[in-house]
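Trainee: To be precise about what I am sending: the file is called final.cif and holds mmCIF, C-alpha atoms.
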data_coords
#
loop_
_atom_site.label_atom_id
_atom_site.label_comp_id
_atom_site.auth_asym_id
_atom_site.auth_seq_id
_atom_site.Cartn_x
_atom_site.Cartn_y
_atom_site.Cartn_z
CA MET D 1 55.01 -42.55 3.80
CA ASP D 2 55.04 -39.33 5.79
CA ARG D 3 54.66 -40.54 9.38
CA ALA D 4 54.42 -36.98 10.75
CA ALA D 5 51.49 -36.20 8.50
CA HIS D 6 50.03 -39.57 9.29
CA GLN D 7 49.93 -38.74 12.99
CA VAL D 8 47.51 -35.87 12.29
CA ALA D 9 45.23 -38.15 10.31
CA GLU D 10 45.65 -40.87 12.92
CA CYS D 11 44.29 -38.75 15.73
CA ARG D 12 41.12 -38.13 13.71
CA VAL D 13 40.35 -41.64 12.52
CA ASP D 14 41.48 -43.99 15.29
CA HIS D 15 37.87 -44.30 16.35
CA ALA D 16 36.97 -45.59 12.85
CA VAL D 17 39.92 -47.86 12.07
CA PRO D 18 41.28 -49.98 14.91
CA ARG D 19 44.97 -50.93 14.78
CA GLN D 20 45.68 -47.77 12.69
CA ARG D 21 48.92 -47.17 14.56
CA GLN D 22 50.09 -50.76 14.08
CA LEU D 23 49.37 -50.63 10.33
CA ALA D 24 51.17 -47.31 10.03
CA GLY D 25 54.24 -48.75 11.68
CA GLU D 26 54.57 -51.60 9.28
CA GLY D 27 55.53 -49.32 6.34
CA ARG D 28 55.94 -51.15 3.08
CA THR D 29 55.48 -54.87 3.68
CA ASP D 30 55.11 -57.53 1.05
CA HIS D 31 52.02 -59.72 1.58
CA ALA D 32 51.77 -62.37 -1.17
CA ARG D 33 52.55 -60.02 -4.06
CA LEU D 34 50.27 -57.32 -2.47
CA GLU D 35 52.24 -54.27 -1.45
CA VAL D 36 50.77 -51.87 1.13
CA HIS D 37 52.15 -48.59 -0.18
CA ALA D 38 50.42 -46.05 2.09
CA ILE D 39 47.53 -45.65 4.43
CA LEU D 40 45.57 -42.47 3.84
CA ALA D 41 42.98 -40.97 6.13
CA LEU D 42 40.62 -38.22 5.09
CA HIS D 43 38.16 -36.51 7.33
CA ALA D 44 36.25 -33.27 6.96
CA ASP D 45 34.01 -31.67 9.55
CA VAL D 46 30.76 -30.11 8.45
CA GLY D 47 30.87 -26.46 9.36
CA VAL D 48 29.67 -23.03 8.37
CA GLY D 49 31.30 -21.74 5.21
CA GLU D 50 32.58 -25.10 3.82
CA THR D 51 32.26 -25.83 0.14
CA LEU D 52 29.99 -28.51 -1.22
CA PHE D 53 32.91 -30.86 -1.87
CA ASP D 54 34.21 -30.39 1.68
CA GLN D 55 30.83 -31.25 3.13
CA SER D 56 30.38 -34.22 0.84
CA THR D 57 33.55 -35.82 2.26
CA ASP D 58 32.28 -35.37 5.78
CA SER D 59 30.26 -38.55 5.99
CA GLY D 60 33.17 -40.24 7.78
CA GLY D 61 36.89 -41.01 7.64
CA VAL D 62 38.10 -42.28 4.28
CA HIS D 63 40.84 -44.91 4.47
CA GLY D 64 42.48 -46.74 1.68
CA ALA D 65 45.67 -48.15 0.26
CA ALA D 66 47.40 -47.66 -3.05
CA LEU D 67 47.43 -51.23 -4.30
CA ARG D 68 50.39 -51.89 -6.51
CA PHE D 69 50.51 -55.07 -8.63
CA ARG D 70 53.17 -56.11 -11.11
CA GLY D 71 53.08 -54.01 -14.29
CA ARG D 72 50.26 -51.65 -13.33
CA GLN D 73 48.76 -49.48 -10.57
CA ALA D 74 45.23 -49.86 -9.35
CA THR D 75 42.73 -47.09 -10.15
CA PHE D 76 41.79 -46.88 -6.46
CA GLY D 77 45.25 -45.53 -5.64
CA ARG D 78 44.92 -42.65 -8.11
CA ARG D 79 41.60 -41.64 -6.58
CA LEU D 80 43.10 -41.65 -3.13
CA ARG D 81 46.01 -39.45 -4.20
CA LEU D 82 43.58 -36.93 -5.80
CA ALA D 83 41.50 -36.85 -2.63
CA ALA D 84 44.67 -36.35 -0.57
CA ARG D 85 45.71 -33.33 -2.64
CA MET D 86 42.28 -31.75 -2.28
CA ARG D 87 42.34 -32.41 1.44
CA ALA D 88 45.76 -30.78 1.71
CA ALA D 89 44.55 -27.70 -0.20
CA LYS D 90 41.69 -27.32 2.20
CA SER D 91 43.85 -27.79 5.28
CA SER D 92 46.30 -25.12 4.13
CA ARG D 93 43.67 -22.47 4.76
CA PHE D 94 43.83 -22.99 8.51
CA ARG D 95 46.54 -22.88 11.13
CA PRO D 96 47.90 -26.24 12.37
CA ALA D 97 46.10 -25.82 15.67
CA GLU D 98 42.81 -25.26 13.86
CA ARG D 99 43.37 -28.29 11.59
CA ALA D 100 43.93 -30.57 14.57
CA ARG D 101 40.91 -29.28 16.50
CA PRO D 102 37.43 -30.12 15.28
CA PRO D 103 35.18 -27.06 14.91
CA THR D 104 32.72 -26.49 17.69
CA GLN D 105 29.18 -25.37 17.17
CA ARG D 106 26.85 -24.26 19.92
CA PRO D 107 23.46 -26.00 20.02
CA GLY D 108 20.78 -23.98 18.31
CA THR D 109 23.20 -21.87 16.26
CA ILE D 110 21.83 -20.85 12.88
CA VAL D 111 24.04 -21.69 9.91
CA ASN D 112 25.92 -18.70 8.44
CA ALA D 113 24.64 -16.39 11.21
CA GLN D 114 26.03 -15.33 14.56
CA LEU D 115 23.49 -14.43 17.21
CA LYS D 116 24.92 -12.14 19.84
CA PRO D 117 23.10 -11.66 23.14
CA VAL D 118 21.74 -8.18 23.76
CA PRO D 119 23.62 -6.57 26.65
CA PRO D 120 21.50 -5.57 29.62
CA VAL D 121 20.49 -1.92 29.33
CA LEU D 122 21.16 -1.19 32.98
CA MET D 123 24.85 -1.88 32.45
CA HIS D 124 25.21 1.33 30.40
CA PRO D 125 27.01 3.93 32.52
CA MET D 126 24.86 6.81 31.19
CA LEU D 127 21.54 5.22 32.16
CA ASP D 128 21.15 6.90 35.53
CA PRO D 129 17.40 7.20 36.30
CA GLU D 130 17.75 10.43 38.26
CA ARG D 131 19.94 12.00 35.61
CA LEU D 132 17.56 11.03 32.79
CA SER D 133 14.52 12.32 34.69
CA ALA D 134 16.25 15.63 35.39
CA SER D 135 17.14 15.97 31.70
CA ALA D 136 13.53 15.32 30.63
CA ARG D 137 12.14 17.85 33.12
CA ARG D 138 14.65 20.44 31.95
CA VAL D 139 13.46 19.99 28.33
CA PHE D 140 9.83 20.40 29.41
CA GLU D 141 10.61 23.61 31.27
CA ILE D 142 12.66 25.14 28.45
CA GLU D 143 10.09 24.38 25.76
CA ALA D 144 7.19 25.47 27.97
CA ASP D 145 8.94 28.80 28.54
CA ALA D 146 9.43 29.13 24.78
CA ILE D 147 5.71 28.61 24.18
CA ARG D 148 4.71 31.06 26.92
CA GLY D 149 6.95 33.66 25.31
CA LEU D 150 4.83 33.55 22.13
CA SER D 151 1.77 35.00 23.82
CA ALA D 152 3.20 38.52 23.82
CA ARG D 153 3.85 38.28 20.06
CA VAL D 154 0.23 37.72 19.08
CA ASP D 155 -0.15 41.27 17.80
CA ALA D 156 -1.08 43.14 14.64
CA SER D 157 1.26 40.94 12.57
CA PHE D 158 -0.67 37.87 13.63
CA PHE D 159 -3.94 39.58 12.65
CA ARG D 160 -2.58 40.52 9.21
CA ALA D 161 -1.36 36.97 8.64
CA CYS D 162 -4.83 35.61 9.46
CA ALA D 163 -6.47 38.19 7.19
CA LEU D 164 -4.25 37.26 4.23
CA MET D 165 -4.98 33.55 4.67
CA LEU D 166 -8.69 34.06 5.22
CA ASP D 167 -9.01 36.15 2.05
CA CYS D 168 -6.95 33.66 0.02
CA THR D 169 -8.96 32.22 -2.87
CA GLY D 170 -6.29 29.64 -3.64
CA ARG D 171 -4.28 27.58 -1.18
CA ILE D 172 -1.78 28.21 1.56
CA VAL D 173 1.60 26.96 0.32
CA VAL D 174 3.81 26.09 3.29
CA SER D 175 7.54 25.65 2.73
CA GLY D 176 10.64 25.02 4.83
CA MET D 177 13.97 23.21 4.76
CA GLY D 178 15.34 20.58 7.14
CA LYS D 179 13.62 20.43 10.53
CA SER D 180 11.61 23.52 9.57
CA GLY D 181 10.44 21.53 6.55
CA HIS D 182 9.03 18.80 8.80
CA ILE D 183 7.21 21.43 10.86
CA ALA D 184 5.95 23.08 7.66
CA ASN D 185 4.54 19.76 6.48
CA LYS D 186 2.64 19.34 9.76
CA ILE D 187 1.29 22.91 9.66
CA ALA D 188 0.05 22.37 6.09
CA ALA D 189 -1.73 19.17 7.18
CA THR D 190 -3.35 20.93 10.16
CA LEU D 191 -4.54 23.82 8.01
CA ALA D 192 -6.02 21.49 5.40
CA SER D 193 -7.89 19.38 7.97
CA THR D 194 -9.38 22.43 9.71
CA GLY D 195 -10.92 24.16 6.72
CA THR D 196 -8.01 26.08 5.16
CA PRO D 197 -6.81 24.41 1.93
CA ALA D 198 -3.04 24.03 2.13
CA PHE D 199 -0.15 21.89 0.91
CA PHE D 200 3.61 21.61 1.39
CA VAL D 201 6.25 22.47 -1.24
CA HIS D 202 9.89 21.55 -0.71
CA PRO D 203 12.01 24.66 -1.44
CA ALA D 204 14.78 22.69 -3.15
CA GLU D 205 12.27 20.94 -5.42
CA ALA D 206 10.60 24.29 -6.10
CA SER D 207 13.79 25.49 -7.76
CA HIS D 208 13.60 22.52 -10.14
CA GLY D 209 10.05 22.82 -11.40
CA ASP D 210 7.72 22.60 -8.41
CA LEU D 211 7.48 26.37 -8.30
CA GLY D 212 4.85 25.94 -10.98
CA MET D 213 2.53 24.55 -8.30
CA ILE D 214 2.24 28.03 -6.77
CA THR D 215 -0.28 30.37 -8.40
CA GLU D 216 -1.14 34.03 -7.99
CA LYS D 217 -4.21 33.11 -5.93
CA ASP D 218 -2.10 31.41 -3.25
CA VAL D 219 -0.43 32.65 -0.08
CA VAL D 220 3.06 31.39 0.79
CA LEU D 221 3.96 30.62 4.41
CA ALA D 222 7.76 30.26 4.67
CA LEU D 223 9.52 28.81 7.72
CA SER D 224 13.19 29.26 8.66
CA ASN D 225 14.63 29.67 12.15
CA SER D 226 17.67 31.60 10.91
CA GLY D 227 15.80 33.37 8.13
CA GLU D 228 18.77 32.81 5.84
CA THR D 229 18.03 29.39 4.34
CA ASP D 230 19.52 29.45 0.84
CA GLU D 231 16.90 27.18 -0.74
CA LEU D 232 14.09 29.46 0.47
CA LEU D 233 15.82 32.70 -0.46
CA ALA D 234 16.42 31.37 -3.99
CA ILE D 235 12.69 31.13 -4.76
CA LEU D 236 11.43 34.23 -2.90
CA PRO D 237 12.24 36.74 -5.70
CA LEU D 238 10.14 34.70 -8.13
CA ILE D 239 7.29 34.54 -5.64
CA LYS D 240 7.41 38.29 -5.04
CA ARG D 241 7.57 38.96 -8.79
CA GLN D 242 4.21 37.20 -9.22
CA GLY D 243 2.68 39.33 -6.47
CA ILE D 244 2.02 36.34 -4.21
CA PRO D 245 1.60 37.35 -0.53
CA LEU D 246 4.40 36.04 1.70
CA VAL D 247 4.01 35.26 5.41
CA ALA D 248 7.22 34.28 7.17
CA MET D 249 8.03 32.63 10.49
CA SER D 250 11.58 32.94 11.73
CA GLY D 251 13.61 33.46 14.87
CA ASN D 252 15.49 36.46 13.46
CA THR D 253 13.56 39.66 12.86
CA ASN D 254 16.50 41.16 10.94
CA SER D 255 16.94 38.23 8.56
CA SER D 256 16.59 38.33 4.79
CA LEU D 257 13.38 36.31 5.01
CA ALA D 258 11.86 38.74 7.51
CA ARG D 259 12.69 41.74 5.30
CA LEU D 260 11.19 40.16 2.17
CA ALA D 261 7.97 39.01 3.87
CA ASP D 262 4.71 40.94 3.75
CA VAL D 263 4.04 39.71 7.29
CA HIS D 264 6.66 38.38 9.70
CA LEU D 265 5.83 36.30 12.78
CA ASP D 266 8.57 36.22 15.39
CA VAL D 267 9.08 32.69 16.76
CA SER D 268 12.48 33.24 18.36
CA VAL D 269 13.37 31.37 21.56
CA PRO D 270 15.90 32.24 24.28
CA VAL D 271 17.64 28.87 24.14
CA GLU D 272 17.27 25.45 22.56
CA ALA D 273 16.44 22.50 24.80
CA CYS D 274 19.53 20.79 23.41
CA PRO D 275 22.36 21.16 26.01
CA LEU D 276 24.67 22.13 23.14
CA ASN D 277 22.16 24.79 22.03
CA LEU D 278 22.45 23.37 18.51
CA ALA D 279 19.72 20.83 17.73
CA PRO D 280 16.40 22.49 16.77
CA THR D 281 14.15 21.66 19.73
CA SER D 282 12.41 24.55 21.45
CA SER D 283 12.60 26.59 18.22
CA THR D 284 10.72 23.96 16.21
CA THR D 285 8.19 23.58 19.04
CA ALA D 286 7.54 27.33 19.05
CA THR D 287 7.10 27.34 15.26
CA LEU D 288 4.67 24.43 15.40
CA VAL D 289 2.60 26.08 18.12
CA MET D 290 2.43 29.34 16.14
CA GLY D 291 1.22 27.33 13.13
CA ASP D 292 -1.44 25.68 15.28
CA ALA D 293 -2.52 29.10 16.54
CA LEU D 294 -2.99 30.27 12.94
CA ALA D 295 -4.96 27.15 12.01
CA ILE D 296 -7.32 27.34 14.98
CA ALA D 297 -7.85 31.09 14.58
CA LEU D 298 -8.83 30.51 10.95
CA LEU D 299 -11.05 27.58 11.95
CA GLU D 300 -13.04 29.77 14.32
CA ALA D 301 -13.17 32.64 11.84
CA ARG D 302 -14.65 30.34 9.17
CA GLY D 303 -17.24 28.89 11.54
CA PHE D 304 -15.81 25.42 10.96
CA THR D 305 -18.07 22.76 12.55
CA ALA D 306 -17.75 19.14 13.62
CA ASP D 307 -19.60 18.08 10.46
CA ASP D 308 -17.10 20.01 8.35
CA PHE D 309 -14.29 18.28 10.20
CA ALA D 310 -15.87 14.87 9.59
CA ARG D 311 -16.05 15.49 5.84
CA SER D 312 -12.27 15.79 5.71
CA HIS D 313 -11.82 12.74 7.99
CA PRO D 314 -14.14 10.09 6.50
CA ALA D 315 -11.89 7.16 7.43
CA GLY D 316 -11.30 5.73 10.89
CA SER D 317 -13.39 5.86 14.04
CA LEU D 318 -13.52 9.65 14.01
CA GLY D 319 -15.20 9.77 10.60
CA ARG D 320 -17.65 7.00 11.50
CA ARG D 321 -18.69 8.75 14.70
CA LEU D 322 -19.22 12.07 12.93
CA LEU D 323 -20.68 10.92 9.60
CA LEU D 324 -22.58 7.66 10.10
CA ARG D 325 -26.30 8.17 10.64
CA ILE D 326 -29.11 5.91 11.81
CA SER D 327 -30.49 5.62 8.28
CA ASP D 328 -27.16 4.11 7.15
CA ILE D 329 -27.29 1.11 9.48
CA MET D 330 -30.92 0.53 10.54
CA HIS D 331 -33.07 -2.41 9.45
CA THR D 332 -35.98 -1.47 7.18
CA GLY D 333 -38.94 -3.07 5.41
CA ASP D 334 -39.60 -6.72 6.19
CA GLN D 335 -36.51 -6.82 8.45
CA VAL D 336 -38.27 -4.64 11.05
CA PRO D 337 -40.03 -6.74 13.72
CA SER D 338 -43.60 -5.54 14.24
CA ILE D 339 -47.03 -6.93 15.10
CA ALA D 340 -50.48 -5.42 15.08
CA SER D 341 -52.16 -4.21 18.21
CA GLY D 342 -54.24 -6.95 19.84
CA SER D 343 -51.89 -9.81 18.84
CA SER D 344 -51.12 -12.51 21.39
CA VAL D 345 -47.87 -12.85 23.31
CA SER D 346 -47.07 -16.03 21.37
CA ASP D 347 -47.36 -14.06 18.11
CA ALA D 348 -44.92 -11.51 19.52
CA LEU D 349 -42.48 -14.29 20.43
CA LEU D 350 -42.62 -15.72 16.93
CA GLU D 351 -41.96 -12.29 15.39
CA MET D 352 -39.02 -11.69 17.73
CA THR D 353 -37.57 -15.07 16.77
CA ARG D 354 -37.96 -14.49 13.03
CA LYS D 355 -36.35 -11.04 12.99
CA GLY D 356 -33.65 -11.68 15.62
CA LEU D 357 -33.37 -8.19 17.08
CA GLY D 358 -34.53 -9.05 20.60
CA LEU D 359 -37.75 -7.00 20.39
CA THR D 360 -40.84 -6.35 18.35
CA ALA D 361 -42.84 -3.18 17.82
CA VAL D 362 -46.57 -3.01 18.44
CA VAL D 363 -48.25 -0.74 15.86
CA ASP D 364 -51.74 0.32 14.82
CA ARG D 365 -53.22 0.10 11.35
CA GLU D 366 -51.38 3.24 10.22
CA GLN D 367 -48.06 1.89 11.46
CA ARG D 368 -47.90 4.34 14.34
CA LEU D 369 -45.87 2.97 17.21
CA LEU D 370 -47.94 2.02 20.25
CA GLY D 371 -45.31 0.18 22.25
CA VAL D 372 -42.52 -2.37 22.26
CA PHE D 373 -42.29 -5.93 23.51
CA THR D 374 -38.76 -7.01 24.47
CA ASP D 375 -37.11 -10.07 25.92
CA GLY D 376 -37.18 -8.24 29.27
CA ASP D 377 -40.99 -8.05 29.06
CA LEU D 378 -40.99 -11.78 28.28
CA ARG D 379 -38.96 -12.64 31.38
CA ARG D 380 -41.29 -10.61 33.57
CA THR D 381 -44.26 -12.34 31.97
CA LEU D 382 -42.86 -15.79 32.67
CA ASP D 383 -42.54 -14.91 36.35
CA ASP D 384 -46.30 -14.27 36.52
CA ALA D 385 -48.06 -17.63 36.60
CA GLU D 386 -51.49 -16.07 35.98
CA ILE D 387 -50.58 -14.86 32.46
CA ASP D 388 -51.47 -17.17 29.58
CA LEU D 389 -48.98 -16.63 26.76
CA ARG D 390 -51.42 -17.86 24.11
CA GLY D 391 -54.49 -16.01 25.27
CA THR D 392 -53.07 -12.76 26.64
CA SER D 393 -52.88 -9.76 24.34
CA VAL D 394 -49.42 -8.26 23.90
CA ASP D 395 -50.91 -4.80 24.57
CA ALA D 396 -51.34 -5.77 28.22
CA ILE D 397 -47.71 -6.48 28.92
CA MET D 398 -45.79 -4.35 26.37
CA THR D 399 -43.77 -1.24 27.26
CA ALA D 400 -45.97 1.61 26.09
CA ARG D 401 -43.43 4.45 26.31
CA ALA D 402 -40.69 2.97 24.18
CA LYS D 403 -37.33 4.69 23.59
CA THR D 404 -37.08 5.75 19.95
CA ILE D 405 -34.81 7.70 17.64
CA THR D 406 -35.22 9.34 14.22
CA SER D 407 -33.32 8.20 11.14
CA ASP D 408 -31.49 11.50 10.64
CA LYS D 409 -29.63 11.27 13.95
CA LEU D 410 -26.01 10.20 14.17
CA ALA D 411 -25.37 6.56 14.98
CA VAL D 412 -23.27 7.62 17.94
CA GLU D 413 -26.41 9.15 19.49
CA ALA D 414 -28.12 5.75 19.37
CA ALA D 415 -25.16 4.28 21.19
CA ARG D 416 -25.45 6.97 23.84
CA LEU D 417 -29.17 6.28 24.32
CA MET D 418 -28.56 2.56 24.71
CA GLU D 419 -25.89 3.19 27.27
CA ASP D 420 -27.91 5.73 29.27
CA PHE D 421 -31.06 3.59 29.49
CA LYS D 422 -29.34 0.19 29.68
CA ILE D 423 -31.10 -1.14 26.58
CA HIS D 424 -29.67 -3.02 23.61
CA ALA D 425 -32.10 -2.06 20.80
CA LEU D 426 -33.99 0.97 19.49
CA LEU D 427 -36.99 1.53 17.24
CA VAL D 428 -36.69 4.21 14.55
CA VAL D 429 -39.70 6.45 13.89
CA ASP D 430 -40.38 9.45 11.67
CA ASN D 431 -41.69 12.84 12.74
CA ASP D 432 -45.27 11.49 12.81
CA GLY D 433 -44.36 8.62 15.13
CA LYS D 434 -44.65 5.97 12.42
CA LEU D 435 -42.32 2.97 12.54
CA VAL D 436 -39.62 3.12 9.82
CA GLY D 437 -36.82 0.92 11.16
CA ALA D 438 -34.99 -0.73 14.02
CA LEU D 439 -31.43 -1.39 15.14
CA ASN D 440 -29.62 -3.04 18.03
CA ILE D 441 -26.19 -2.92 19.62
CA HIS D 442 -24.83 -5.50 17.18
CA ASP D 443 -25.53 -3.16 14.26
CA LEU D 444 -23.48 -0.45 16.00
CA LEU D 445 -20.69 -2.93 16.65
CA ARG D 446 -20.60 -4.03 13.01
CA ALA D 447 -20.43 -0.38 11.94
CA ARG D 448 -17.62 0.10 14.51
CA VAL D 449 -19.40 3.00 16.13
CA VAL D 450 -18.80 1.47 19.55
#
What would you get if you wrote out this structure as structure tokens?
Mentor:
Amino acid sequence: MDRAAHQVAECRVDHAVPRQRQLAGEGRTDHARLEVHAILALHADVGVGETLFDQSTDSGGVHGAALRFRGRQATFGRRLRLAARMRAAKSSRFRPAERARPPTQRPGTIVNAQLKPVPPVLMHPMLDPERLSASARRVFEIEADAIRGLSARVDASFFRACALMLDCTGRIVVSGMGKSGHIANKIAATLASTGTPAFFVHPAEASHGDLGMITEKDVVLALSNSGETDELLAILPLIKRQGIPLVAMSGNTNSSLARLADVHLDVSVPVEACPLNLAPTSSTTATLVMGDALAIALLEARGFTADDFARSHPAGSLGRRLLLRISDIMHTGDQVPSIASGSSVSDALLEMTRKGLGLTAVVDREQRLLGVFTDGDLRRTLDDAEIDLRGTSVDAIMTARAKTITSDKLAVEAARLMEDFKIHALLVVDNDGKLVGALNIHDLLRARVV
């Protein structure tokens, strides 16, 4: 047997087989026709990346002997030699030092994944608070100066651009490449949401079929800081050939885009906020602000109202506040708590309990509202020992001048009334003062008005 190789196995399995060293030293010894040919130790550690066979042999050390009898060899010996060869093939993948050392695994480590701790951010040499604050303030100042410089450029060109867009019977087609493309997309969205139909067309896609989206009724608003963007210049001759008005925004009044445009808006800036004067920063800000100025000028020229704005923003809290009316959420019909004039306080309590709105209206025969009885009136009544709840008429203790609202009002106005007068419910009446509905704060909450 190979005693050197056996020493490696011995150091891994001594804990499992006592007297391993003594047995290894005996070599081949005849014991009543039983010959101990070799002692083999196999051990595999479960670890990340091992094959299924390697892990299956990891249940413990495997020890055995090739038993040799006269005339034949035991099957157990052949199995041990096969296992030894497979163990040797596995061990050859590692250095001797790695084969002798069991793999270590930190507690909590995920199999087949290495989790590295995130280094503390304050260790970064560039994260100097004063330096970062100074950089941010410098950007604010540069971009603010760029915006202030636009005021002097709101001239006849700006008026002509507004006139072209206001007279447009189609849509405003906004286009730009790169960072200007992102700004163009935002300007198109702002125009569309403020009453000027608009959409964005990518200039590269326009050259491959999307140019068909632009019609003779449209106005094109092209954005390019340099005014020499190849993708834009490639489609401009086709646009001009169709007689489509072209409004351009660029930072170069002598550019190809400026010369081809019917109206050119100068959005040049002295310097970019980028310290390298390369990344589009103050130039894109100036372009965006000029686009906002166009959108708001057109909004005011069209007489665009809050209701118009709500129609293009039906979703979200903004749409609910501007579109939802009292008639959409109020209780009507049998759900409205009401009792006739002259009813007892106990009748009013029963009606309040059945309808669950915390109040009941007191009406005459024609359903005109005479007053309201609320849980606050009930508490004040209970404090007066002289009042008989069964015998007293509700007219004597109701609130005669009740707060009301009409069904055509916005739901947000009901919320404002409840907040101003510290009440939690309102009765809804028509123009003749007749009771038509009721609502409370829970109805506004369910409608997500408040």
Trainee: What is the CA of Ser268 (chain D)-CA of Thr194 (chain D) distance in Å, reported with one decimal?
Mentor: 25.9 Å
Trainee: For this structure, which residues satisfy the selection - the PyMOL selection byres ((chain D and resi 415) around 8) - when it is evaluated on the file as given? I want them as a list in words.
Mentor: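 On this input, the PyMOL selection byres ((chain D and resi 415) around 8) captures Ala411, Val412, Glu413, Ala414, Arg416, Leu417, Met418, Glu419, Ile441, Leu444, Val449 and Val450 of chain D.
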Trainee: Which residues match the PyMOL selection byres ((chain D and resi 174) around 8) in the file above, as a count of residues only?
Mentor: 16
Trainee: Please identify all polymer residues within 6 Å of region 237-251 of chain D, counting only C-alpha atoms, omitting same-chain residues fewer than 2 positions from it, and present them as a PDB file with C-alpha atoms, keeping the file's coordinate frame.
Mentor:
ATOM      1  CA  GLU D 216      -1.140  34.030  -7.990  1.00  0.00           C
ATOM      2  CA  VAL D 219      -0.430  32.650  -0.080  1.00  0.00           C
ATOM      3  CA  VAL D 220       3.060  31.390   0.790  1.00  0.00           C
ATOM      4  CA  LEU D 221       3.960  30.620   4.410  1.00  0.00           C
ATOM      5  CA  ALA D 222       7.760  30.260   4.670  1.00  0.00           C
ATOM      6  CA  LEU D 223       9.520  28.810   7.720  1.00  0.00           C
ATOM      7  CA  SER D 224      13.190  29.260   8.660  1.00  0.00           C
ATOM      8  CA  ASN D 225      14.630  29.670  12.150  1.00  0.00           C
ATOM      9  CA  SER D 226      17.670  31.600  10.910  1.00  0.00           C
ATOM     10  CA  GLY D 227      15.800  33.370   8.130  1.00  0.00           C
ATOM     11  CA  ILE D 235      12.690  31.130  -4.760  1.00  0.00           C
ATOM     12  CA  ALA D 261       7.970  39.010   3.870  1.00  0.00           C
ATOM     13  CA  ASP D 262       4.710  40.940   3.750  1.00  0.00           C
ATOM     14  CA  VAL D 263       4.040  39.710   7.290  1.00  0.00           C
ATOM     15  CA  HIS D 264       6.660  38.380   9.700  1.00  0.00           C
ATOM     16  CA  LEU D 265       5.830  36.300  12.780  1.00  0.00           C
ATOM     17  CA  ASP D 266       8.570  36.220  15.390  1.00  0.00           C
ATOM     18  CA  VAL D 267       9.080  32.690  16.760  1.00  0.00           C
ATOM     19  CA  SER D 268      12.480  33.240  18.360  1.00  0.00           C
TER      20      SER D 268
END
Trainee: Would you kindly return, as a list in words, each protein, DNA or RNA residue with an atom no farther than 10 Å from any atom of Lys403 (chain D), considering only C-alpha atoms and excluding same-chain residues fewer than 6 positions away?
Mentor: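 Those residues are Gly371, Val372, Leu417, Met418, Phe421, Ile423, Ala425, Leu426, Leu427 and Val428 of chain D.
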Trainee: Output as a PDB file, in the coordinates of the input: region 251-262 of chain D, completed with N, CA and C atoms.
Mentor:
ATOM      1  N   GLY D 251      13.126  33.043  13.556  1.00  0.00           N
ATOM      2  CA  GLY D 251      13.610  33.460  14.870  1.00  0.00           C
ATOM      3  C   GLY D 251      14.529  34.651  14.799  1.00  0.00           C
ATOM      4  N   ASN D 252      14.605  35.313  13.643  1.00  0.00           N
ATOM      5  CA  ASN D 252      15.490  36.460  13.460  1.00  0.00           C
ATOM      6  C   ASN D 252      14.722  37.550  12.722  1.00  0.00           C
ATOM      7  N   THR D 253      14.363  38.592  13.453  1.00  0.00           N
ATOM      8  CA  THR D 253      13.560  39.660  12.860  1.00  0.00           C
ATOM      9  C   THR D 253      14.348  40.505  11.867  1.00  0.00           C
ATOM     10  N   ASN D 254      15.661  40.392  11.866  1.00  0.00           N
ATOM     11  CA  ASN D 254      16.500  41.160  10.940  1.00  0.00           C
ATOM     12  C   ASN D 254      17.013  40.319   9.780  1.00  0.00           C
ATOM     13  N   SER D 255      16.465  39.146   9.600  1.00  0.00           N
ATOM     14  CA  SER D 255      16.940  38.230   8.560  1.00  0.00           C
ATOM     15  C   SER D 255      16.435  38.653   7.194  1.00  0.00           C
ATOM     16  N   SER D 256      17.016  38.060   6.170  1.00  0.00           N
ATOM     17  CA  SER D 256      16.590  38.330   4.790  1.00  0.00           C
ATOM     18  C   SER D 256      15.141  37.910   4.576  1.00  0.00           C
ATOM     19  N   LEU D 257      14.752  36.782   5.169  1.00  0.00           N
ATOM     20  CA  LEU D 257      13.380  36.310   5.010  1.00  0.00           C
ATOM     21  C   LEU D 257      12.402  37.283   5.655  1.00  0.00           C
ATOM     22  N   ALA D 258      12.756  37.799   6.827  1.00  0.00           N
ATOM     23  CA  ALA D 258      11.860  38.740   7.510  1.00  0.00           C
ATOM     24  C   ALA D 258      11.695  40.023   6.706  1.00  0.00           C
ATOM     25  N   ARG D 259      12.757  40.495   6.075  1.00  0.00           N
ATOM     26  CA  ARG D 259      12.690  41.740   5.300  1.00  0.00           C
ATOM     27  C   ARG D 259      11.869  41.570   4.024  1.00  0.00           C
ATOM     28  N   LEU D 260      11.921  40.397   3.412  1.00  0.00           N
ATOM     29  CA  LEU D 260      11.190  40.160   2.170  1.00  0.00           C
ATOM     30  C   LEU D 260       9.710  39.875   2.394  1.00  0.00           C
ATOM     31  N   ALA D 261       9.339  39.449   3.609  1.00  0.00           N
ATOM     32  CA  ALA D 261       7.970  39.010   3.870  1.00  0.00           C
ATOM     33  C   ALA D 261       7.022  40.189   3.968  1.00  0.00           C
ATOM     34  N   ASP D 262       5.768  39.950   3.544  1.00  0.00           N
ATOM     35  CA  ASP D 262       4.710  40.940   3.750  1.00  0.00           C
ATOM     36  C   ASP D 262       4.309  40.986   5.224  1.00  0.00           C
TER      37      ASP D 262
END
